[in-house]
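**Student:** Sharing run05.txt, compact mmCIF, C-alpha atoms and all ligand atoms:
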```txt
# COMPACT_ATOMS: atom_id res chain seq x y z
CA MET A 8 62.01 154.20 46.44
CA ASP A 9 61.82 157.90 45.57
CA PHE A 10 63.73 159.75 48.32
CA ARG A 11 62.26 163.15 47.46
CA ASP A 12 59.27 164.54 49.36
CA SER A 13 55.99 164.76 47.45
CA PRO A 14 54.43 168.28 47.59
CA GLU A 15 52.18 167.13 50.49
CA GLU A 16 55.13 165.64 52.37
CA ALA A 17 57.18 168.80 51.81
CA ALA A 18 54.30 170.88 53.22
CA PHE A 19 54.08 168.57 56.23
CA ARG A 20 57.85 168.84 56.80
CA LYS A 21 57.63 172.63 56.61
CA GLU A 22 54.77 172.67 59.11
CA ILE A 23 56.62 170.63 61.77
CA ARG A 24 59.88 172.50 61.13
CA GLU A 25 58.19 175.87 61.66
CA TRP A 26 56.30 174.66 64.69
CA LEU A 27 59.49 173.34 66.29
CA ALA A 28 61.40 176.55 65.52
CA ALA A 29 58.65 178.57 67.23
CA ASN A 30 58.01 176.26 70.19
CA MET A 31 61.25 174.51 71.24
CA PRO A 32 61.96 175.15 74.93
CA THR A 33 64.56 177.91 75.10
CA GLU A 34 66.37 176.33 78.06
CA TRP A 35 67.04 173.13 76.09
CA ASP A 36 70.59 172.81 74.80
CA ARG A 37 71.63 169.33 73.77
CA SER A 38 75.27 170.17 74.24
CA GLN A 39 74.52 170.61 77.95
CA LEU A 40 72.58 167.38 78.27
CA THR A 41 74.52 166.12 81.24
CA LEU A 42 74.73 169.45 83.04
CA ILE A 43 71.03 169.92 83.62
CA PRO A 44 70.01 168.33 86.95
CA PRO A 45 67.73 165.36 86.14
CA GLU A 46 64.83 166.66 88.23
CA ASP A 47 64.80 169.97 86.32
CA ARG A 48 64.93 168.03 83.09
CA ILE A 49 61.88 165.99 84.10
CA ASP A 50 59.71 169.06 84.72
CA MET A 51 60.94 170.60 81.50
CA LEU A 52 60.34 167.39 79.52
CA ARG A 53 56.85 166.98 80.96
CA ALA A 54 55.99 170.56 80.01
CA TRP A 55 57.48 169.97 76.56
CA GLN A 56 55.31 166.93 75.91
CA ALA A 57 52.23 168.84 77.08
CA LYS A 58 53.14 171.54 74.55
CA LEU A 59 53.62 168.96 71.79
CA HIS A 60 50.19 167.60 72.67
CA GLU A 61 48.56 171.04 72.57
CA GLY A 62 50.11 171.58 69.15
CA GLY A 63 48.77 168.20 67.96
CA TRP A 64 52.27 166.67 67.77
CA ALA A 65 52.08 163.97 70.47
CA GLY A 66 51.25 160.44 69.32
CA ILE A 67 50.86 161.68 65.75
CA ASN A 68 50.47 158.15 64.35
CA TRP A 69 47.58 157.37 66.75
CA PRO A 70 44.14 157.41 65.13
CA LYS A 71 42.34 160.78 65.31
CA GLU A 72 39.51 159.33 67.40
CA TYR A 73 42.03 158.63 70.19
CA GLY A 74 43.64 162.07 70.15
CA GLY A 75 46.35 161.42 67.54
CA ARG A 76 46.75 162.92 64.09
CA GLY A 77 46.24 159.72 62.12
CA ALA A 78 49.63 160.42 60.49
CA SER A 79 50.84 158.04 57.79
CA LEU A 80 54.08 156.06 58.15
CA ILE A 81 55.88 158.55 55.91
CA GLU A 82 54.59 161.51 57.94
CA THR A 83 55.66 159.80 61.17
CA ALA A 84 59.11 159.23 59.68
CA ILE A 85 59.30 162.91 58.62
CA PHE A 86 58.23 163.99 62.12
CA ASN A 87 60.95 161.84 63.72
CA GLN A 88 63.54 163.12 61.22
CA GLU A 89 62.71 166.74 61.97
CA MET A 90 62.65 166.23 65.75
CA ALA A 91 66.13 164.68 65.55
CA ARG A 92 67.44 167.28 63.09
CA MET A 93 66.36 170.12 65.38
CA LYS A 94 67.78 168.21 68.39
CA ALA A 95 64.35 168.63 69.97
CA PRO A 96 63.90 167.03 73.40
CA PRO A 97 62.18 163.65 73.18
CA PRO A 98 58.73 163.41 74.80
CA ILE A 99 59.17 162.10 78.35
CA ASN A 100 56.36 159.55 78.13
CA VAL A 101 58.13 157.42 75.51
CA ILE A 102 56.79 154.13 76.82
CA GLY A 103 53.26 155.50 77.08
CA LEU A 104 53.30 156.99 73.59
CA GLY A 105 55.23 154.29 71.80
CA MET A 106 54.21 151.09 73.59
CA ALA A 107 51.42 151.25 76.22
CA GLY A 108 49.15 153.58 74.21
CA PRO A 109 49.26 151.64 70.91
CA THR A 110 48.72 148.36 72.81
CA ILE A 111 45.70 149.80 74.66
CA ILE A 112 44.35 151.07 71.32
CA ALA A 113 44.74 147.58 69.82
CA HIS A 114 43.52 145.44 72.73
CA GLY A 115 41.88 147.72 75.33
CA THR A 116 38.25 148.04 76.35
CA HIS A 117 36.33 151.27 75.78
CA GLU A 118 36.76 152.14 79.49
CA GLN A 119 40.53 151.55 79.36
CA LYS A 120 40.88 153.80 76.32
CA GLU A 121 38.79 156.53 77.98
CA ARG A 122 40.76 156.23 81.22
CA HIS A 123 44.31 156.22 79.86
CA LEU A 124 44.89 157.55 76.35
CA GLU A 125 44.46 161.30 76.88
CA LYS A 126 46.66 161.26 80.02
CA ILE A 127 49.38 159.42 78.07
CA LEU A 128 49.35 162.03 75.31
CA SER A 129 49.50 164.97 77.71
CA ALA A 130 52.20 163.30 79.90
CA GLU A 131 49.94 163.78 82.92
CA GLU A 132 50.60 160.10 83.65
CA ILE A 133 53.94 158.54 82.78
CA TRP A 134 54.20 154.82 82.01
CA CYS A 135 56.87 152.19 82.51
CA GLN A 136 57.31 148.69 81.09
CA GLY A 137 57.60 145.86 83.64
CA PHE A 138 58.57 143.00 81.35
CA SER A 139 62.21 142.00 82.11
CA GLU A 140 63.04 140.00 85.23
CA PRO A 141 66.34 138.82 86.69
CA GLY A 142 65.91 135.47 84.88
CA ALA A 143 63.89 136.65 81.87
CA GLY A 144 65.28 139.20 79.42
CA SER A 145 65.97 137.92 75.91
CA ASP A 146 63.99 134.84 76.90
CA LEU A 147 61.02 136.86 78.14
CA GLY A 148 58.74 133.82 78.05
CA GLY A 149 60.63 132.51 81.10
CA LEU A 150 59.18 135.22 83.37
CA ARG A 151 58.21 134.12 86.88
CA SER A 152 56.10 136.91 88.38
CA THR A 153 52.68 135.54 89.27
CA ALA A 154 49.12 136.80 89.58
CA ILE A 155 46.42 134.82 91.37
CA LEU A 156 42.75 135.76 91.23
CA ASP A 157 41.23 136.44 94.65
CA GLY A 158 37.63 137.65 94.48
CA ASN A 159 37.64 140.85 92.45
CA SER A 160 41.42 141.36 92.58
CA TRP A 161 44.55 139.78 91.24
CA ILE A 162 47.29 139.29 93.83
CA VAL A 163 50.57 140.05 92.07
CA ASN A 164 54.00 138.94 93.33
CA GLY A 165 57.40 139.10 91.67
CA GLN A 166 60.49 141.06 90.78
CA LYS A 167 61.16 143.14 87.68
CA VAL A 168 64.45 144.72 86.66
CA TRP A 169 65.86 147.42 84.34
CA THR A 170 62.49 149.19 84.43
CA SER A 171 63.11 152.57 82.80
CA LEU A 172 61.14 155.49 84.29
CA ALA A 173 59.56 153.36 87.07
CA HIS A 174 60.61 156.02 89.59
CA LEU A 175 58.44 158.57 87.74
CA ALA A 176 55.68 156.35 86.45
CA ARG A 177 52.07 156.35 87.56
CA TRP A 178 51.23 153.25 85.48
CA CYS A 179 53.03 150.09 84.42
CA ILE A 180 52.43 147.57 81.64
CA PHE A 181 53.22 144.34 83.43
CA LEU A 182 53.44 140.67 82.47
CA ALA A 183 52.70 137.94 85.01
CA ARG A 184 52.09 134.21 84.90
CA THR A 185 48.47 133.36 85.61
CA ASP A 186 48.69 129.65 84.78
CA THR A 187 51.86 128.05 86.10
CA THR A 188 51.01 124.68 84.56
CA ALA A 189 50.71 125.95 80.96
CA PRO A 190 53.66 125.88 78.47
CA LYS A 191 56.10 128.81 78.73
CA HIS A 192 54.50 131.31 76.35
CA LYS A 193 50.97 130.43 77.37
CA GLY A 194 49.55 131.20 80.80
CA ILE A 195 50.86 134.80 80.78
CA THR A 196 48.48 137.75 81.31
CA TYR A 197 49.06 141.41 80.47
CA PHE A 198 48.24 143.84 83.32
CA LEU A 199 47.87 147.60 83.66
CA ILE A 200 49.07 148.37 87.18
CA ASP A 201 48.71 151.62 89.12
CA MET A 202 52.18 152.25 90.57
CA GLN A 203 50.62 153.89 93.66
CA THR A 204 49.15 150.54 94.78
CA PRO A 205 50.50 149.36 98.18
CA GLY A 206 53.12 146.59 97.97
CA ILE A 207 55.20 148.08 95.11
CA GLU A 208 58.77 149.03 95.92
CA VAL A 209 60.92 150.81 93.32
CA ARG A 210 64.69 150.84 93.86
CA PRO A 211 66.84 152.96 91.51
CA LEU A 212 69.77 151.34 89.70
CA LYS A 213 72.69 153.67 89.09
CA GLN A 214 74.05 153.37 85.57
CA ILE A 215 77.60 153.71 84.27
CA THR A 216 76.68 157.30 83.26
CA GLY A 217 76.08 158.21 86.91
CA SER A 218 72.33 158.76 86.51
CA ALA A 219 69.61 156.34 87.59
CA ASP A 220 67.05 156.16 84.78
CA PHE A 221 66.06 152.58 85.41
CA ASN A 222 65.09 150.56 88.47
CA GLU A 223 64.39 147.27 90.17
CA MET A 224 60.76 146.74 91.16
CA PHE A 225 59.51 144.43 93.89
CA PHE A 226 55.82 143.46 93.96
CA THR A 227 54.58 141.92 97.21
CA ASP A 228 50.90 140.91 97.40
CA VAL A 229 49.91 143.83 95.18
CA ARG A 230 46.10 143.92 94.71
CA VAL A 231 45.19 144.75 91.13
CA PRO A 232 41.50 145.23 90.19
CA ARG A 233 40.20 142.26 88.22
CA GLU A 234 39.38 144.39 85.18
CA ASN A 235 42.92 145.85 84.86
CA ILE A 236 44.07 143.30 82.31
CA LEU A 237 44.64 143.97 78.64
CA GLY A 238 43.18 141.31 76.36
CA GLU A 239 42.12 137.93 77.73
CA VAL A 240 43.45 136.03 80.75
CA ASN A 241 46.38 133.80 79.66
CA ASP A 242 46.61 135.57 76.27
CA GLY A 243 49.22 138.12 77.41
CA TRP A 244 51.99 136.88 75.13
CA ARG A 245 49.99 137.83 72.03
CA VAL A 246 49.24 141.26 73.53
CA ALA A 247 52.92 141.72 74.47
CA MET A 248 53.91 141.10 70.84
CA THR A 249 51.94 144.24 69.88
CA THR A 250 53.99 146.19 72.44
CA LEU A 251 57.31 144.78 71.23
CA LEU A 252 56.51 145.39 67.54
CA HIS A 253 55.91 149.04 68.41
CA GLU A 254 59.16 149.21 70.42
CA ARG A 255 61.28 148.94 67.28
CA GLY A 256 58.57 150.24 64.96
CA THR A 257 58.76 153.85 63.85
CA LEU A 258 61.82 155.14 65.69
CA GLY A 259 64.29 154.15 62.95
CA PHE A 260 64.45 157.56 61.32
CA ALA A 261 64.98 159.37 64.62
CA LEU A 262 67.86 157.01 65.34
CA SER A 263 69.48 157.46 61.95
CA VAL A 264 69.21 161.26 62.01
CA GLY A 265 70.50 161.20 65.62
CA ALA A 266 73.54 159.22 64.44
CA ARG A 267 74.08 161.69 61.56
CA VAL A 268 73.92 164.66 63.96
CA ALA A 269 76.41 162.92 66.30
CA LEU A 270 78.75 162.18 63.36
CA ASP A 271 78.67 165.83 62.22
CA GLU A 272 79.56 166.88 65.76
CA LEU A 273 82.36 164.32 65.82
CA ILE A 274 83.79 165.78 62.59
CA GLN A 275 83.67 169.25 64.17
CA LEU A 276 85.40 167.89 67.27
CA ALA A 277 88.16 166.44 65.07
CA ARG A 278 88.55 169.85 63.39
CA ASP A 279 88.75 171.72 66.69
CA THR A 280 91.01 169.34 68.65
CA LYS A 281 94.78 169.42 68.20
CA ARG A 282 96.87 166.23 68.15
CA ASN A 283 100.64 166.53 67.87
CA GLY A 284 100.23 170.22 67.05
CA LYS A 285 97.80 169.64 64.16
CA PRO A 286 93.99 169.35 63.98
CA ALA A 287 93.00 165.73 64.62
CA ILE A 288 91.10 165.71 61.32
CA ASP A 289 94.45 165.88 59.48
CA ASP A 290 95.44 162.49 60.92
CA PRO A 291 94.90 159.91 58.11
CA ILE A 292 93.85 157.17 60.55
CA ILE A 293 91.18 159.40 62.08
CA ARG A 294 90.00 160.42 58.62
CA GLN A 295 89.66 156.76 57.65
CA ARG A 296 87.64 155.96 60.77
CA ILE A 297 85.37 158.95 60.19
CA ALA A 298 84.87 157.83 56.58
CA ALA A 299 83.95 154.32 57.76
CA LEU A 300 81.40 155.81 60.19
CA HIS A 301 79.99 157.95 57.40
CA VAL A 302 79.40 154.78 55.34
CA GLU A 303 77.67 153.10 58.31
CA VAL A 304 75.41 156.07 59.02
CA GLU A 305 74.50 156.35 55.33
CA ALA A 306 73.74 152.60 55.20
CA LEU A 307 71.53 153.07 58.25
CA ARG A 308 69.59 155.85 56.52
CA LEU A 309 69.05 153.77 53.38
CA ASN A 310 68.09 150.70 55.41
CA ASN A 311 65.39 152.79 57.09
CA TYR A 312 63.91 153.61 53.70
CA ARG A 313 64.03 149.91 52.87
CA ALA A 314 62.20 149.09 56.12
CA LEU A 315 59.63 151.79 55.40
CA THR A 316 59.03 150.52 51.87
CA SER A 317 58.52 146.99 53.17
CA VAL A 318 56.09 148.02 55.92
CA MET A 319 54.13 150.15 53.41
CA ARG A 320 53.82 147.09 51.15
CA THR A 321 52.97 144.49 53.79
CA GLY A 322 51.54 146.53 56.69
CA ILE A 323 53.79 144.64 59.14
CA PRO A 324 57.23 145.82 60.36
CA GLY A 325 59.79 143.43 58.86
CA PRO A 326 63.21 142.27 60.07
CA GLU A 327 64.81 145.42 58.57
CA GLY A 328 63.90 147.25 61.81
CA SER A 329 66.13 144.81 63.72
CA LEU A 330 68.95 145.45 61.25
CA GLY A 331 68.59 149.22 61.74
CA LYS A 332 68.67 148.99 65.53
CA LEU A 333 71.73 146.70 65.33
CA ILE A 334 73.70 149.05 63.03
CA TRP A 335 72.67 152.16 64.98
CA SER A 336 73.63 150.80 68.41
CA GLU A 337 77.04 149.54 67.30
CA SER A 338 77.77 152.70 65.25
CA MET A 339 76.97 154.86 68.28
CA GLN A 340 79.51 152.86 70.29
CA ARG A 341 82.17 153.36 67.61
CA LEU A 342 81.33 157.09 67.42
CA GLY A 343 81.70 157.47 71.19
CA ASP A 344 84.96 155.48 71.22
CA LEU A 345 86.49 157.63 68.47
CA ALA A 346 85.39 160.88 70.15
CA LEU A 347 87.10 159.90 73.40
CA GLU A 348 90.25 158.92 71.51
CA ILE A 349 90.27 162.32 69.81
CA LEU A 350 89.78 164.05 73.16
CA GLY A 351 92.74 162.10 74.57
CA PRO A 352 93.40 162.41 78.31
CA ALA A 353 90.69 165.13 78.63
CA GLY A 354 88.14 162.45 77.78
CA MET A 355 89.01 160.56 80.94
CA LEU A 356 88.41 163.47 83.32
CA SER A 357 84.81 162.79 84.14
CA LYS A 358 84.21 164.37 87.53
CA TRP A 359 86.82 167.05 87.04
CA THR A 360 85.80 168.61 83.77
CA ASP A 361 83.28 171.40 83.37
CA ASN A 362 83.57 171.42 79.59
CA PRO A 363 80.05 170.58 78.31
CA ARG A 364 81.39 169.22 75.04
CA VAL A 365 83.65 166.73 76.82
CA GLN A 366 80.83 165.79 79.19
CA THR A 367 78.45 165.18 76.31
CA TRP A 368 80.88 162.84 74.53
CA GLN A 369 81.58 161.01 77.77
CA TYR A 370 77.84 160.59 78.23
CA ILE A 371 77.36 159.33 74.64
CA HIS A 372 80.28 156.92 75.06
CA LEU A 373 79.03 155.49 78.37
CA ARG A 374 75.31 155.44 77.51
CA SER A 375 75.99 153.63 74.22
CA ARG A 376 76.98 150.49 76.18
CA GLY A 377 73.29 150.00 76.97
CA HIS A 378 72.19 150.54 73.35
CA THR A 379 73.35 147.05 72.35
CA ILE A 380 71.31 145.49 75.19
CA GLU A 381 67.99 147.41 75.37
CA ALA A 382 65.14 146.60 72.94
CA GLY A 383 66.87 143.38 71.81
CA THR A 384 70.55 142.58 72.33
CA SER A 385 72.90 142.55 69.33
CA GLU A 386 73.14 138.75 69.51
CA ILE A 387 69.35 138.35 69.42
CA LEU A 388 69.08 140.84 66.54
CA ARG A 389 71.80 138.95 64.63
CA ASN A 390 69.79 135.76 65.11
CA ILE A 391 66.73 137.52 63.64
CA VAL A 392 68.72 138.85 60.67
CA ALA A 393 70.35 135.44 60.10
CA GLU A 394 67.07 133.56 60.15
CA ARG A 395 64.61 136.02 58.64
CA VAL A 396 66.75 138.04 56.22
CA LEU A 397 69.47 135.56 55.21
CA GLY A 398 67.31 132.44 55.59
CA LEU A 399 69.91 130.53 57.64
CA PRO A 400 68.77 127.55 59.75
CA LYS A 401 66.99 128.37 63.03
CA HIS A 402 69.15 128.47 66.17
CA LYS A 403 68.41 125.86 68.85
C1 LIG B 501 69.15 150.95 79.11
C2 LIG B 501 68.20 149.81 79.28
C3 LIG B 501 66.86 150.06 79.50
C4 LIG B 501 65.96 149.00 79.67
N1 LIG B 501 64.65 149.30 79.93
C5 LIG B 501 63.76 148.28 80.14
C6 LIG B 501 62.41 148.55 80.49
O1 LIG B 501 62.00 149.72 80.61
N2 LIG B 501 61.57 147.52 80.72
C7 LIG B 501 61.98 146.22 80.60
O2 LIG B 501 61.15 145.32 80.78
N3 LIG B 501 63.27 145.92 80.29
C8 LIG B 501 64.17 146.92 80.07
N4 LIG B 501 65.48 146.64 79.77
C9 LIG B 501 65.92 145.24 79.79
C10 LIG B 501 66.25 144.67 78.43
O3 LIG B 501 65.08 144.41 77.70
C11 LIG B 501 67.06 143.38 78.69
O4 LIG B 501 68.27 143.76 79.31
C12 LIG B 501 67.36 142.64 77.41
O5 LIG B 501 66.19 142.07 76.90
C13 LIG B 501 68.39 141.52 77.64
O6 LIG B 501 68.00 140.69 78.68
P1 LIG B 501 68.99 140.33 79.89
O7 LIG B 501 69.58 141.60 80.39
O8 LIG B 501 68.24 139.47 80.84
O9 LIG B 501 70.17 139.50 79.23
P2 LIG B 501 70.12 137.97 78.81
O10 LIG B 501 68.90 137.70 78.01
O11 LIG B 501 70.36 137.13 80.01
O12 LIG B 501 71.37 137.88 77.85
C14 LIG B 501 72.72 137.77 78.34
C15 LIG B 501 73.63 137.61 77.13
O13 LIG B 501 73.30 136.39 76.44
C16 LIG B 501 73.00 136.66 75.07
N5 LIG B 501 71.92 135.77 74.61
C17 LIG B 501 70.74 135.51 75.24
N6 LIG B 501 70.00 134.66 74.49
C18 LIG B 501 70.71 134.39 73.37
C19 LIG B 501 70.46 133.59 72.21
N7 LIG B 501 69.33 132.91 72.05
N8 LIG B 501 71.42 133.56 71.24
C20 LIG B 501 72.59 134.27 71.38
N9 LIG B 501 72.88 135.03 72.47
C21 LIG B 501 71.94 135.10 73.44
C22 LIG B 501 72.53 138.11 75.05
O14 LIG B 501 72.70 138.69 73.78
C23 LIG B 501 73.45 138.74 76.11
O15 LIG B 501 74.70 139.05 75.55
C24 LIG B 501 66.41 147.67 79.60
C25 LIG B 501 67.77 147.42 79.37
C26 LIG B 501 68.66 148.47 79.21
C27 LIG B 501 70.10 148.16 78.98
```
Could you render the structure from this file as structure tokens?

**Tutor:**
Amino acid sequence: MDFRDSPEEAAFRKEIREWLAANMPTEWDRSQLTLIPPEDRIDMLRAWQAKLHEGGWAGINWPKEYGGRGASLIETAIFNQEMARMKAPPPINVIGLGMAGPTIIAHGTHEQKERHLEKILSAEEIWCQGFSEPGAGSDLGGLRSTAILDGNSWIVNGQKVWTSLAHLARWCIFLARTDTTAPKHKGITYFLIDMQTPGIEVRPLKQITGSADFNEMFFTDVRVPRENILGEVNDGWRVAMTTLLHERGTLGFALSVGARVALDELIQLARDTKRNGKPAIDDPIIRQRIAALHVEVEALRLNNYRALTSVMRTGIPGPEGSLGKLIWSESMQRLGDLALEILGPAGMLSKWTDNPRVQTWQYIHLRSRGHTIEAGTSEILRNIVAERVLGLPKHK
């Protein structure tokens, strides 16, 4: 693959770079990520996505007829690279833009597209993903929430867990069993549920970072209009595969640039922090570990190009996306671990430090624990790589 931009790609990169430089919210400072009260961040992030939308930069890979830009895979990758390079805030409606919207575009009725797509792009309505349950995570097909048709409504009952953004969401993509006698992956239907419907209780779950970005959800006799399903009754597994393909789809470049930015900051931290009277970067062990991380981050970047080449050839995201997510999540953990070691005892003073740099590394270190679980655990991703990249026998 040729890593250089074509003249058109270079022009596109310049356009997004200039737009970001002119429009980034002035109050946004990534180094103060953990200092900004979450509720202020939400208003700011909502306003930011609305601005992206006005500028034509929300959902850029969506077709033009649905409010997107019809951007190619390469352009989407460039957009994600530049957003990460500028440390631009991510759009708040990540699940709407990256998962619910593309699934509605692929499987929705005309009315569903008219009702939802514009409000997803503008962040007027935030979405959450109600897939995982206490007994169904990696083995999602084992989900036990149910929906029973009663006249013109479905009556939905069940419990969901780890639902990011549910406390802010107006809508939820939701899987429930509609035929309890069918085999595991059959008999599931895909619902679009208004979170303001009576019978839905959202309870925040406090994370190791101290914030509560995800939740438990309890659905008790929730009445969902009959037409609020995506695709056919009992065909929800096929529809859910569209959502999950998009989950790991085009984010690879943002992740790899994010890891590069974090590594550069780690190198600066090692330059600025003294250990035994000398800058930490002079310690040969620390230098070796930084060099190893550099190799990982570079491998991640090249793997993303490999994934992009393969999807451009076949039209379908291949197993390389799983490899990228696996390397990224584990590299971010190693980056966070090394940063805290460099910081030494200061790294342990969570509630007592007002140093934004220390707080940011603590946040990265703690948040990275979840990276190896969300969007496919490392073990599941290793299974995929073993079977689909290395051709090893299927696990039982
Ligand atoms: C930060 C974060 C945000 C999330 N947001 C959402 C969300 O918005 N919506 C949503 O629906 N879900 C969300 N999740 C849930 C996430 O999808 C699940 O946690 C994940 O799929 C794993 O499922 P589980 O937690 O039930 O673990 P389990 O599937 O029970 O796994 C437990 C352990 O067993 C291992 N394991 C399981 N099966 C196998 C196997 N076949 N081979 C080898 N090892 C195996 C796993 O790797 C893991 O180590 C989120 C999770 C996190 C951490």

**Student:** What are the closest atom pairs, with distances in Å to one decimal, for all residues of chain A lying within 7 Å of ligand LIG 501 (chain B)? Consider all atoms listed in the file, order rows by chain and residue number, and present the result as a tab-separated table.

**Tutor:**
```
residue	atom	partner	partner_atom	distance
A:Cys135	CA	B:LIG501	O1	6.0
A:Gln136	CA	B:LIG501	N2	4.4
A:Gly137	CA	B:LIG501	O2	4.6
A:Phe138	CA	B:LIG501	O2	3.5
A:Ser139	CA	B:LIG501	O2	3.7
A:Glu140	CA	B:LIG501	O8	6.8
A:Pro141	CA	B:LIG501	O8	6.2
A:Gly142	CA	B:LIG501	O8	6.1
A:Ala143	CA	B:LIG501	O8	5.3
A:Gly144	CA	B:LIG501	O6	3.2
A:Ser145	CA	B:LIG501	O10	3.6
A:Asp146	CA	B:LIG501	O10	5.8
A:Val168	CA	B:LIG501	N3	6.6
A:Trp169	CA	B:LIG501	C8	4.6
A:Thr170	CA	B:LIG501	O1	3.9
A:Ser171	CA	B:LIG501	O1	3.8
A:Leu172	CA	B:LIG501	O1	6.9
A:Phe221	CA	B:LIG501	C3	6.5
A:Gly377	CA	B:LIG501	C27	4.2
A:His378	CA	B:LIG501	C27	6.5
A:Ile380	CA	B:LIG501	C27	4.8
A:Glu381	CA	B:LIG501	C25	4.0
A:Ala382	CA	B:LIG501	O3	5.2
A:Gly383	CA	B:LIG501	O5	5.3
A:Thr384	CA	B:LIG501	O14	4.7
A:Ser385	CA	B:LIG501	O14	5.9
A:Glu386	CA	B:LIG501	O14	4.3
A:Ile387	CA	B:LIG501	O14	5.5
A:Asn390	CA	B:LIG501	N8	6.7
```

**Student:** I'd like the box whose edges run along x, y and z of the file and which contains every listed atom of stretch 340-350 of chain A, padded by 4 Å per side; could you state its centre and edge lengths in Å, one decimal, as AutoDock Vina command-line options?

**Tutor:**
```
--center_x 84.9 --center_y 158.5 --center_z 70.4 --size_x 18.8 --size_y 19.2 --size_z 14.0
```

**Student:** Do you know which residues are at most 8 Å from A:Asp228 counting all atoms listed in the file, after dropping those on the same chain fewer than 3 positions away, and could you put them as number ranges by chain?

**Tutor:** A: 162-164, 206

**Student:** Name the residues in contact with A:Trp55 at a cut-off of 9 Å, using all atoms listed in the file, excluding same-chain residues fewer than 5 positions from it; report them as a list in words.

**Tutor:** Asn30, Met31, Pro32, Asp50, His60, Pro96, Pro97, Pro98 and Ile99 of chain A

**Student:** Between A:Leu237, A:Leu273, A:Ala266, A:Leu150, which one has atoms that come closest to A:Lys120, using all atoms listed in the file?

**Tutor:** A:Leu237

**Student:** Is there a way to get, as an MDAnalysis selection string, all residues within 12 Å of the point (71.8, 151.3, 65.3) in file coordinates, counting only C-alpha atoms?

**Tutor:** chainID A and resid 255 258:267 300 303:308 310:311 327:342 375 377:385 388
